[in-house]
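Student: Hey, dropping final.pdb in here, PDB, N, CA and C atoms:
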ATOM      1  N   MET A   1      -1.072  -6.994 -12.123
ATOM      2  CA  MET A   1      -0.677  -5.640 -11.811
ATOM      3  C   MET A   1      -1.841  -4.720 -12.156
ATOM      4  N   THR A   2      -2.180  -3.814 -11.260
ATOM      5  CA  THR A   2      -3.298  -2.910 -11.468
ATOM      6  C   THR A   2      -2.843  -1.654 -12.188
ATOM      7  N   THR A   3      -3.798  -0.902 -12.711
ATOM      8  CA  THR A   3      -3.494   0.348 -13.383
ATOM      9  C   THR A   3      -2.838   1.309 -12.407
ATOM     10  N   GLY A   4      -1.751   1.954 -12.824
ATOM     11  CA  GLY A   4      -1.056   2.895 -11.971
ATOM     12  C   GLY A   4       0.010   2.270 -11.086
ATOM     13  N   GLU A   5       0.118   0.954 -11.062
ATOM     14  CA  GLU A   5       1.125   0.290 -10.240
ATOM     15  C   GLU A   5       2.413   0.188 -11.030
ATOM     16  N   LEU A   6       3.482   0.796 -10.501
ATOM     17  CA  LEU A   6       4.759   0.798 -11.195
ATOM     18  C   LEU A   6       5.693  -0.291 -10.706
ATOM     19  N   LEU A   7       5.625  -0.618  -9.423
ATOM     20  CA  LEU A   7       6.516  -1.599  -8.829
ATOM     21  C   LEU A   7       5.699  -2.655  -8.109
ATOM     22  N   SER A   8       6.151  -3.888  -8.193
ATOM     23  CA  SER A   8       5.560  -4.929  -7.356
ATOM     24  C   SER A   8       6.584  -5.277  -6.286
ATOM     25  N   THR A   9       6.108  -5.655  -5.111
ATOM     26  CA  THR A   9       7.012  -5.931  -3.994
ATOM     27  C   THR A   9       6.856  -7.362  -3.526
ATOM     28  N   ILE A  10       7.964  -7.955  -3.135
ATOM     29  CA  ILE A  10       7.980  -9.301  -2.577
ATOM     30  C   ILE A  10       8.877  -9.273  -1.350
ATOM     31  N   LEU A  11       8.331  -9.659  -0.197
ATOM     32  CA  LEU A  11       9.141  -9.778   1.016
ATOM     33  C   LEU A  11       9.950 -11.048   0.872
ATOM     34  N   LYS A  12      11.272 -10.899   0.732
ATOM     35  CA  LYS A  12      12.141 -12.023   0.396
ATOM     36  C   LYS A  12      12.549 -12.849   1.608
ATOM     37  N   SER A  13      12.963 -12.191   2.679
ATOM     38  CA  SER A  13      13.422 -12.935   3.844
ATOM     39  C   SER A  13      13.282 -12.080   5.089
ATOM     40  N   PHE A  14      13.289 -12.727   6.225
ATOM     41  CA  PHE A  14      13.192 -12.038   7.513
ATOM     42  C   PHE A  14      14.200 -12.693   8.428
ATOM     43  N   ASN A  15      15.171 -11.921   8.921
ATOM     44  CA  ASN A  15      16.284 -12.480   9.690
ATOM     45  C   ASN A  15      16.429 -11.783  11.030
ATOM     46  N   PHE A  16      17.188 -12.403  11.925
ATOM     47  CA  PHE A  16      17.557 -11.786  13.189
ATOM     48  C   PHE A  16      19.047 -11.531  13.182
ATOM     49  N   PRO A  17      19.601 -10.415  13.648
ATOM     50  CA  PRO A  17      18.857  -9.291  14.178
ATOM     51  C   PRO A  17      17.846  -8.812  13.147
ATOM     52  N   ILE A  18      16.821  -8.145  13.582
ATOM     53  CA  ILE A  18      15.643  -7.908  12.764
ATOM     54  C   ILE A  18      15.986  -7.132  11.496
ATOM     55  N   SER A  19      15.817  -7.806  10.380
ATOM     56  CA  SER A  19      15.999  -7.196   9.068
ATOM     57  C   SER A  19      15.165  -7.967   8.063
ATOM     58  N   CYS A  20      14.873  -7.325   6.962
ATOM     59  CA  CYS A  20      14.160  -8.024   5.899
ATOM     60  C   CYS A  20      14.686  -7.542   4.566
ATOM     61  N   SER A  21      14.507  -8.372   3.588
ATOM     62  CA  SER A  21      14.925  -8.072   2.236
ATOM     63  C   SER A  21      13.669  -7.938   1.387
ATOM     64  N   LEU A  22      13.608  -6.866   0.614
ATOM     65  CA  LEU A  22      12.439  -6.558  -0.185
ATOM     66  C   LEU A  22      12.849  -6.476  -1.639
ATOM     67  N   ASN A  23      12.188  -7.232  -2.498
ATOM     68  CA  ASN A  23      12.458  -7.168  -3.927
ATOM     69  C   ASN A  23      11.476  -6.212  -4.583
ATOM     70  N   LEU A  24      11.991  -5.201  -5.280
ATOM     71  CA  LEU A  24      11.168  -4.274  -6.047
ATOM     72  C   LEU A  24      11.313  -4.647  -7.517
ATOM     73  N   SER A  25      10.230  -5.054  -8.132
ATOM     74  CA  SER A  25      10.262  -5.485  -9.535
ATOM     75  C   SER A  25       9.592  -4.445 -10.414
ATOM     76  N   ASN A  26      10.330  -3.934 -11.384
ATOM     77  CA  ASN A  26       9.779  -2.993 -12.347
ATOM     78  C   ASN A  26       9.152  -3.809 -13.468
ATOM     79  N   LYS A  27       7.847  -3.789 -13.562
ATOM     80  CA  LYS A  27       7.115  -4.585 -14.553
ATOM     81  C   LYS A  27       6.639  -3.722 -15.713
ATOM     82  N   THR A  28       7.416  -2.675 -16.033
ATOM     83  CA  THR A  28       7.040  -1.769 -17.110
ATOM     84  C   THR A  28       8.193  -1.640 -18.102
ATOM     85  N   ASN A  29       7.936  -0.950 -19.196
ATOM     86  CA  ASN A  29       8.961  -0.658 -20.197
ATOM     87  C   ASN A  29       9.658   0.670 -19.905
ATOM     88  N   ASN A  30       9.387   1.254 -18.750
ATOM     89  CA  ASN A  30       9.930   2.564 -18.380
ATOM     90  C   ASN A  30      10.935   2.436 -17.242
ATOM     91  N   TYR A  31      11.762   3.471 -17.095
ATOM     92  CA  TYR A  31      12.602   3.585 -15.917
ATOM     93  C   TYR A  31      11.719   4.079 -14.784
ATOM     94  N   VAL A  32      11.850   3.496 -13.600
ATOM     95  CA  VAL A  32      11.021   3.878 -12.460
ATOM     96  C   VAL A  32      11.929   4.255 -11.292
ATOM     97  N   ALA A  33      11.807   5.505 -10.846
ATOM     98  CA  ALA A  33      12.555   5.967  -9.680
ATOM     99  C   ALA A  33      11.753   5.617  -8.431
ATOM    100  N   PHE A  34      12.460   5.229  -7.353
ATOM    101  CA  PHE A  34      11.766   4.877  -6.114
ATOM    102  C   PHE A  34      12.474   5.505  -4.918
ATOM    103  N   LYS A  35      11.708   5.664  -3.841
ATOM    104  CA  LYS A  35      12.245   6.131  -2.555
ATOM    105  C   LYS A  35      11.468   5.424  -1.464
ATOM    106  N   VAL A  36      12.186   4.884  -0.484
ATOM    107  CA  VAL A  36      11.573   4.213   0.657
ATOM    108  C   VAL A  36      11.705   5.143   1.859
ATOM    109  N   LYS A  37      10.563   5.461   2.484
ATOM    110  CA  LYS A  37      10.556   6.340   3.656
ATOM    111  C   LYS A  37      10.008   5.574   4.847
ATOM    112  N   THR A  38      10.408   5.998   6.045
ATOM    113  CA  THR A  38       9.889   5.425   7.275
ATOM    114  C   THR A  38       9.492   6.550   8.213
ATOM    115  N   LYS A  39       8.524   6.273   9.072
ATOM    116  CA  LYS A  39       8.110   7.277  10.048
ATOM    117  C   LYS A  39       9.111   7.383  11.192
ATOM    118  N   ASN A  40      10.033   6.437  11.284
ATOM    119  CA  ASN A  40      11.005   6.425  12.367
ATOM    120  C   ASN A  40      12.406   6.155  11.789
ATOM    121  N   PRO A  41      13.021   7.144  11.122
ATOM    122  CA  PRO A  41      14.304   6.908  10.455
ATOM    123  C   PRO A  41      15.466   6.594  11.385
ATOM    124  N   ARG A  42      15.368   6.975  12.672
ATOM    125  CA  ARG A  42      16.454   6.645  13.604
ATOM    126  C   ARG A  42      16.416   5.181  14.006
ATOM    127  N   LYS A  43      15.277   4.550  13.832
ATOM    128  CA  LYS A  43      15.109   3.168  14.254
ATOM    129  C   LYS A  43      15.445   2.173  13.144
ATOM    130  N   TYR A  44      15.361   2.613  11.881
ATOM    131  CA  TYR A  44      15.557   1.700  10.752
ATOM    132  C   TYR A  44      16.626   2.206   9.804
ATOM    133  N   CYS A  45      17.344   1.274   9.220
ATOM    134  CA  CYS A  45      18.333   1.563   8.185
ATOM    135  C   CYS A  45      17.820   0.918   6.894
ATOM    136  N   VAL A  46      17.593   1.723   5.872
ATOM    137  CA  VAL A  46      17.092   1.227   4.587
ATOM    138  C   VAL A  46      18.191   1.434   3.557
ATOM    139  N   LYS A  47      18.639   0.353   2.934
ATOM    140  CA  LYS A  47      19.721   0.398   1.942
ATOM    141  C   LYS A  47      19.341  -0.352   0.681
ATOM    142  N   PRO A  48      19.364   0.236  -0.483
ATOM    143  CA  PRO A  48      19.377   1.660  -0.741
ATOM    144  C   PRO A  48      18.000   2.248  -0.454
ATOM    145  N   ASN A  49      17.957   3.495  -0.015
ATOM    146  CA  ASN A  49      16.655   4.093   0.280
ATOM    147  C   ASN A  49      16.043   4.779  -0.938
ATOM    148  N   ASN A  50      16.817   4.883  -2.027
ATOM    149  CA  ASN A  50      16.266   5.395  -3.282
ATOM    150  C   ASN A  50      17.075   4.845  -4.441
ATOM    151  N   GLY A  51      16.523   4.952  -5.625
ATOM    152  CA  GLY A  51      17.217   4.458  -6.798
ATOM    153  C   GLY A  51      16.329   4.505  -8.018
ATOM    154  N   VAL A  52      16.839   3.972  -9.114
ATOM    155  CA  VAL A  52      16.097   3.904 -10.368
ATOM    156  C   VAL A  52      16.122   2.468 -10.849
ATOM    157  N   GLY A  53      14.936   1.930 -11.093
ATOM    158  CA  GLY A  53      14.825   0.569 -11.611
ATOM    159  C   GLY A  53      14.778   0.577 -13.124
ATOM    160  N   LEU A  54      15.625  -0.215 -13.736
ATOM    161  CA  LEU A  54      15.613  -0.346 -15.189
ATOM    162  C   LEU A  54      14.353  -1.079 -15.625
ATOM    163  N   PRO A  55      13.930  -0.912 -16.876
ATOM    164  CA  PRO A  55      12.741  -1.631 -17.343
ATOM    165  C   PRO A  55      12.906  -3.140 -17.165
ATOM    166  N   TRP A  56      11.889  -3.785 -16.649
ATOM    167  CA  TRP A  56      11.817  -5.241 -16.465
ATOM    168  C   TRP A  56      12.963  -5.776 -15.609
ATOM    169  N   SER A  57      13.335  -5.025 -14.581
ATOM    170  CA  SER A  57      14.417  -5.465 -13.699
ATOM    171  C   SER A  57      13.925  -5.532 -12.262
ATOM    172  N   THR A  58      14.791  -6.048 -11.383
ATOM    173  CA  THR A  58      14.475  -6.177  -9.964
ATOM    174  C   THR A  58      15.578  -5.519  -9.151
ATOM    175  N   CYS A  59      15.187  -4.819  -8.097
ATOM    176  CA  CYS A  59      16.133  -4.183  -7.187
ATOM    177  C   CYS A  59      15.893  -4.733  -5.785
ATOM    178  N   ASN A  60      16.953  -5.057  -5.079
ATOM    179  CA  ASN A  60      16.847  -5.594  -3.732
ATOM    180  C   ASN A  60      17.083  -4.478  -2.717
ATOM    181  N   VAL A  61      16.133  -4.298  -1.783
ATOM    182  CA  VAL A  61      16.231  -3.285  -0.730
ATOM    183  C   VAL A  61      16.241  -4.009   0.612
ATOM    184  N   THR A  62      17.168  -3.655   1.486
ATOM    185  CA  THR A  62      17.257  -4.257   2.811
ATOM    186  C   THR A  62      16.829  -3.246   3.859
ATOM    187  N   VAL A  63      15.919  -3.662   4.730
ATOM    188  CA  VAL A  63      15.459  -2.836   5.842
ATOM    189  C   VAL A  63      15.924  -3.509   7.126
ATOM    190  N   ALA A  64      16.716  -2.795   7.931
ATOM    191  CA  ALA A  64      17.246  -3.359   9.175
ATOM    192  C   ALA A  64      16.869  -2.469  10.349
ATOM    193  N   MET A  65      16.433  -3.101  11.437
ATOM    194  CA  MET A  65      16.105  -2.355  12.649
ATOM    195  C   MET A  65      17.384  -2.147  13.445
ATOM    196  N   GLN A  66      17.611  -0.905  13.869
ATOM    197  CA  GLN A  66      18.764  -0.588  14.683
ATOM    198  C   GLN A  66      18.546  -1.115  16.106
ATOM    199  N   ALA A  67      19.618  -1.299  16.837
ATOM    200  CA  ALA A  67      19.518  -1.756  18.222
ATOM    201  C   ALA A  67      18.764  -0.721  19.049
ATOM    202  N   GLN A  68      17.851  -1.176  19.880
ATOM    203  CA  GLN A  68      17.031  -0.295  20.704
ATOM    204  C   GLN A  68      17.517  -0.321  22.148
ATOM    205  N   LYS A  69      17.409   0.801  22.820
ATOM    206  CA  LYS A  69      17.826   0.879  24.216
ATOM    207  C   LYS A  69      16.810   0.230  25.138
ATOM    208  N   GLU A  70      15.528   0.310  24.746
ATOM    209  CA  GLU A  70      14.483  -0.307  25.563
ATOM    210  C   GLU A  70      13.325  -0.742  24.676
ATOM    211  N   ALA A  71      12.591  -1.736  25.114
ATOM    212  CA  ALA A  71      11.451  -2.253  24.366
ATOM    213  C   ALA A  71      10.249  -1.331  24.560
ATOM    214  N   PRO A  72       9.359  -1.259  23.559
ATOM    215  CA  PRO A  72       8.147  -0.467  23.732
ATOM    216  C   PRO A  72       7.313  -1.007  24.889
ATOM    217  N   LEU A  73       6.590  -0.118  25.569
ATOM    218  CA  LEU A  73       5.810  -0.530  26.735
ATOM    219  C   LEU A  73       4.777  -1.594  26.408
ATOM    220  N   ASP A  74       4.071  -1.437  25.304
ATOM    221  CA  ASP A  74       3.016  -2.402  24.970
ATOM    222  C   ASP A  74       3.516  -3.528  24.059
ATOM    223  N   MET A  75       4.815  -3.534  23.754
ATOM    224  CA  MET A  75       5.444  -4.549  22.886
ATOM    225  C   MET A  75       4.797  -4.603  21.503
ATOM    226  N   GLN A  76       4.238  -3.499  21.066
ATOM    227  CA  GLN A  76       3.628  -3.407  19.745
ATOM    228  C   GLN A  76       4.474  -2.495  18.866
ATOM    229  N   CYS A  77       4.637  -2.884  17.634
ATOM    230  CA  CYS A  77       5.368  -2.076  16.666
ATOM    231  C   CYS A  77       4.354  -1.430  15.727
ATOM    232  N   LYS A  78       4.299  -0.111  15.754
ATOM    233  CA  LYS A  78       3.343   0.614  14.923
ATOM    234  C   LYS A  78       4.065   1.446  13.862
ATOM    235  N   ASP A  79       5.293   1.076  13.567
ATOM    236  CA  ASP A  79       6.068   1.802  12.575
ATOM    237  C   ASP A  79       5.517   1.524  11.184
ATOM    238  N   LYS A  80       5.639   2.524  10.309
ATOM    239  CA  LYS A  80       5.131   2.398   8.946
ATOM    240  C   LYS A  80       6.213   2.775   7.958
ATOM    241  N   PHE A  81       6.096   2.217   6.757
ATOM    242  CA  PHE A  81       7.000   2.510   5.667
ATOM    243  C   PHE A  81       6.187   2.975   4.475
ATOM    244  N   LEU A  82       6.787   3.836   3.653
ATOM    245  CA  LEU A  82       6.142   4.334   2.457
ATOM    246  C   LEU A  82       7.087   4.106   1.285
ATOM    247  N   LEU A  83       6.587   3.481   0.247
ATOM    248  CA  LEU A  83       7.353   3.275  -0.980
ATOM    249  C   LEU A  83       6.766   4.204  -2.031
ATOM    250  N   GLN A  84       7.560   5.195  -2.451
ATOM    251  CA  GLN A  84       7.119   6.110  -3.490
ATOM    252  C   GLN A  84       7.804   5.723  -4.790
ATOM    253  N   SER A  85       7.071   5.853  -5.893
ATOM    254  CA  SER A  85       7.661   5.549  -7.195
ATOM    255  C   SER A  85       7.076   6.472  -8.252
ATOM    256  N   VAL A  86       7.884   6.730  -9.283
ATOM    257  CA  VAL A  86       7.468   7.592 -10.380
ATOM    258  C   VAL A  86       8.214   7.168 -11.637
ATOM    259  N   VAL A  87       7.551   7.284 -12.780
ATOM    260  CA  VAL A  87       8.199   6.989 -14.051
ATOM    261  C   VAL A  87       9.171   8.119 -14.355
ATOM    262  N   THR A  88      10.393   7.772 -14.768
ATOM    263  CA  THR A  88      11.394   8.781 -15.107
ATOM    264  C   THR A  88      11.680   8.730 -16.594
ATOM    265  N   ILE A  89      12.385   9.758 -17.065
ATOM    266  CA  ILE A  89      12.685   9.861 -18.496
ATOM    267  C   ILE A  89      13.723   8.818 -18.898
ATOM    268  N   SER A  90      14.774   8.704 -18.115
ATOM    269  CA  SER A  90      15.820   7.720 -18.375
ATOM    270  C   SER A  90      16.591   7.507 -17.085
ATOM    271  N   PHE A  91      17.547   6.598 -17.124
ATOM    272  CA  PHE A  91      18.347   6.304 -15.940
ATOM    273  C   PHE A  91      19.097   7.548 -15.476
ATOM    274  N   TYR A  92      19.734   8.212 -16.401
ATOM    275  CA  TYR A  92      20.404   9.479 -16.108
ATOM    276  C   TYR A  92      19.763  10.534 -16.995
ATOM    277  N   PHE A  93      19.369  11.640 -16.397
ATOM    278  CA  PHE A  93      18.840  12.714 -17.208
ATOM    279  C   PHE A  93      19.291  14.049 -16.646
ATOM    280  N   ASN A  94      19.319  15.036 -17.506
ATOM    281  CA  ASN A  94      19.770  16.361 -17.133
ATOM    282  C   ASN A  94      18.560  17.177 -16.698
ATOM    283  N   VAL A  95      18.485  17.504 -15.419
ATOM    284  CA  VAL A  95      17.359  18.275 -14.895
ATOM    285  C   VAL A  95      17.287  19.630 -15.581
ATOM    286  N   TRP A  96      18.442  20.219 -15.881
ATOM    287  CA  TRP A  96      18.434  21.549 -16.496
ATOM    288  C   TRP A  96      17.796  21.523 -17.870
ATOM    289  N   SER A  97      17.855  20.428 -18.588
ATOM    290  CA  SER A  97      17.220  20.370 -19.898
ATOM    291  C   SER A  97      15.696  20.382 -19.783
ATOM    292  N   LEU A  98      15.183  19.993 -18.601
ATOM    293  CA  LEU A  98      13.740  20.009 -18.398
ATOM    294  C   LEU A  98      13.237  21.414 -18.086
ATOM    295  N   VAL A  99      14.053  22.203 -17.391
ATOM    296  CA  VAL A  99      13.633  23.548 -16.973
ATOM    297  C   VAL A  99      14.748  24.538 -17.325
ATOM    298  N   PRO A 100      14.868  24.925 -18.599
ATOM    299  CA  PRO A 100      15.983  25.808 -18.975
ATOM    300  C   PRO A 100      15.911  27.197 -18.340
ATOM    301  N   GLU A 101      14.703  27.675 -18.024
ATOM    302  CA  GLU A 101      14.609  29.004 -17.430
ATOM    303  C   GLU A 101      15.218  29.044 -16.023
ATOM    304  N   LEU A 102      15.238  27.924 -15.310
ATOM    305  CA  LEU A 102      15.882  27.875 -13.991
ATOM    306  C   LEU A 102      17.383  28.057 -14.119
ATOM    307  N   GLN A 103      17.964  27.500 -15.170
ATOM    308  CA  GLN A 103      19.398  27.598 -15.373
ATOM    309  C   GLN A 103      19.817  29.058 -15.587
ATOM    310  N   GLN A 104      18.974  29.838 -16.249
ATOM    311  CA  GLN A 104      19.293  31.231 -16.514
ATOM    312  C   GLN A 104      19.228  32.086 -15.238
ATOM    313  N   ARG A 105      18.376  31.672 -14.270
ATOM    314  CA  ARG A 105      18.202  32.432 -13.034
ATOM    315  C   ARG A 105      19.350  32.217 -12.060
ATOM    316  N   ILE A 106      20.073  31.122 -12.187
ATOM    317  CA  ILE A 106      21.126  30.809 -11.223
ATOM    318  C   ILE A 106      22.436  31.438 -11.625
TER     319      ILE A 106
END
Mind turning this structure into structure tokens?
Tutor:
Amino acid sequence: MTTGELLSTILKSFNFPISCSLNLSNKTNNYVAFKVKTKNPRKYCVKPNNGVGLPWSTCNVTVAMQAQKEAPLDMQCKDKFLLQSVVTISFYFNVWSLVPELQQRI
């Protein structure tokens, strides 16, 4: 694991209809929040698309392609996915305790 890497990923399986299972492994002593984004959200279903990984745990994410009305002209798939992650304070935390002045403004 390199410096700054919070999650390691393993492509677990690839099935038809087109879907894959992705294992996100938290290899740290911290809670790590994650979010999976795609450039084409109408084409893919990501479950869960966000969450919090406990220290030294693994989370399974499934990415499934929705049924398409027509095939791409060049039969090439140029879709991209982005996995964002950040260290969090704990599994559940009170946002208002982090920014008390915001609570007073509301």
Student: What separation in Å, quoted to one decimal, exists between atom CA of Lys47 of chain A and atom CA of Leu73 of chain A?
Tutor: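 Going from atom CA of Lys47 of chain A over to atom CA of Leu73 of chain A covers 28.4 Å.
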Student: If the PyMOL selection byres (((chain A and resi 24 and name CA) around 7) and name CA) is run on the structure shown, which residues does it catch, given as a PyMOL selection string?
Tutor: chain A and resi 7-10+22-23+25-26+58-60
Student: Just to be explicit: take each residue in the selection above, keep N, CA and C atoms, and write the result as an mmCIF file, in the frame of the given file.
Tutor:
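Saved the output as out-v8.cif:
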data_model
loop_
_atom_site.group_PDB
_atom_site.id
_atom_site.type_symbol
_atom_site.label_atom_id
_atom_site.label_comp_id
_atom_site.auth_asym_id
_atom_site.auth_seq_id
_atom_site.Cartn_x
_atom_site.Cartn_y
_atom_site.Cartn_z
ATOM 1 N N LEU A 7 5.625 -0.618 -9.423
ATOM 2 C CA LEU A 7 6.516 -1.599 -8.829
ATOM 3 C C LEU A 7 5.699 -2.655 -8.109
ATOM 4 N N SER A 8 6.151 -3.888 -8.193
ATOM 5 C CA SER A 8 5.560 -4.929 -7.356
ATOM 6 C C SER A 8 6.584 -5.277 -6.286
ATOM 7 N N THR A 9 6.108 -5.655 -5.111
ATOM 8 C CA THR A 9 7.012 -5.931 -3.994
ATOM 9 C C THR A 9 6.856 -7.362 -3.526
ATOM 10 N N ILE A 10 7.964 -7.955 -3.135
ATOM 11 C CA ILE A 10 7.980 -9.301 -2.577
ATOM 12 C C ILE A 10 8.877 -9.273 -1.350
ATOM 13 N N LEU A 22 13.608 -6.866 0.614
ATOM 14 C CA LEU A 22 12.439 -6.558 -0.185
ATOM 15 C C LEU A 22 12.849 -6.476 -1.639
ATOM 16 N N ASN A 23 12.188 -7.232 -2.498
ATOM 17 C CA ASN A 23 12.458 -7.168 -3.927
ATOM 18 C C ASN A 23 11.476 -6.212 -4.583
ATOM 19 N N SER A 25 10.230 -5.054 -8.132
ATOM 20 C CA SER A 25 10.262 -5.485 -9.535
ATOM 21 C C SER A 25 9.592 -4.445 -10.414
ATOM 22 N N ASN A 26 10.330 -3.934 -11.384
ATOM 23 C CA ASN A 26 9.779 -2.993 -12.347
ATOM 24 C C ASN A 26 9.152 -3.809 -13.468
ATOM 25 N N THR A 58 14.791 -6.048 -11.383
ATOM 26 C CA THR A 58 14.475 -6.177 -9.964
ATOM 27 C C THR A 58 15.578 -5.519 -9.151
ATOM 28 N N CYS A 59 15.187 -4.819 -8.097
ATOM 29 C CA CYS A 59 16.133 -4.183 -7.187
ATOM 30 C C CYS A 59 15.893 -4.733 -5.785
ATOM 31 N N ASN A 60 16.953 -5.057 -5.079
ATOM 32 C CA ASN A 60 16.847 -5.594 -3.732
ATOM 33 C C ASN A 60 17.083 -4.478 -2.717
#
Student: So which residues get picked by the PyMOL selection byres ((chain A and resi 48) around 6.5) here, written as number ranges by chain?
Tutor: A: 36, 46-47, 49-51, 60-62
Student: Go through A:Cys77, A:Ala33, A:Cys45, A:Leu83 one by one, measure the shortest atom-to-atom distance of each to Val63 of chain A using all atoms listed in the file, and give the residue with the smallest value.
Tutor: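 Checking each of A:Cys77, A:Ala33, A:Cys45, A:Leu83 against Val63 of chain A, counting all atoms listed in the file, the winner is A:Cys45.
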Student: How would you write, as an mmCIF file with N, CA and C atoms, keeping the file's coordinate frame, the residues chosen by the PyMOL selection byres ((chain A and resi 67) around 8) on this structure?
Tutor:
data_model
loop_
_atom_site.group_PDB
_atom_site.id
_atom_site.type_symbol
_atom_site.label_atom_id
_atom_site.label_comp_id
_atom_site.auth_asym_id
_atom_site.auth_seq_id
_atom_site.Cartn_x
_atom_site.Cartn_y
_atom_site.Cartn_z
ATOM 1 N N ARG A 42 15.368 6.975 12.672
ATOM 2 C CA ARG A 42 16.454 6.645 13.604
ATOM 3 C C ARG A 42 16.416 5.181 14.006
ATOM 4 N N LYS A 43 15.277 4.550 13.832
ATOM 5 C CA LYS A 43 15.109 3.168 14.254
ATOM 6 C C LYS A 43 15.445 2.173 13.144
ATOM 7 N N TYR A 44 15.361 2.613 11.881
ATOM 8 C CA TYR A 44 15.557 1.700 10.752
ATOM 9 C C TYR A 44 16.626 2.206 9.804
ATOM 10 N N ALA A 64 16.716 -2.795 7.931
ATOM 11 C CA ALA A 64 17.246 -3.359 9.175
ATOM 12 C C ALA A 64 16.869 -2.469 10.349
ATOM 13 N N MET A 65 16.433 -3.101 11.437
ATOM 14 C CA MET A 65 16.105 -2.355 12.649
ATOM 15 C C MET A 65 17.384 -2.147 13.445
ATOM 16 N N GLN A 66 17.611 -0.905 13.869
ATOM 17 C CA GLN A 66 18.764 -0.588 14.683
ATOM 18 C C GLN A 66 18.546 -1.115 16.106
ATOM 19 N N GLN A 68 17.851 -1.176 19.880
ATOM 20 C CA GLN A 68 17.031 -0.295 20.704
ATOM 21 C C GLN A 68 17.517 -0.321 22.148
ATOM 22 N N LYS A 69 17.409 0.801 22.820
ATOM 23 C CA LYS A 69 17.826 0.879 24.216
ATOM 24 C C LYS A 69 16.810 0.230 25.138
ATOM 25 N N GLU A 70 15.528 0.310 24.746
ATOM 26 C CA GLU A 70 14.483 -0.307 25.563
ATOM 27 C C GLU A 70 13.325 -0.742 24.676
#
Student: Rounded to one decimal in Å, what is the spacing between atom C of Asp74 of chain A and atom N of Ser21 of chain A?
Tutor: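 So the two atoms, atom C of Asp74 of chain A and atom N of Ser21 of chain A, lie 23.7 Å apart.
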Student: Figure out the distance between atom CA of Phe81 of chain A and atom C of Trp56 of chain A, please, to one decimal in Å.
Tutor: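 Answer for the atom C of Trp56 of chain A to atom CA of Phe81 of chain A separation: 23.6 Å.
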Student: Give me the box for segment 43-57 of chain A as JSON, namely the centre and edge lengths in Å to one decimal of a box along x, y and z that holds every listed atom plus 5 Å on each side.
Tutor:
{"center_x": 15.8, "center_y": -0.2, "center_z": -1.5, "size_x": 17.9, "size_y": 21.2, "size_z": 41.6}
Student: Name the residues in contact with Thr28 of chain A at a cut-off of 10 Å, using only C-alpha atoms, excluding same-chain residues fewer than 6 positions from it; report them as a ChimeraX atom specification.
Tutor: /A:5-7,53-57,87
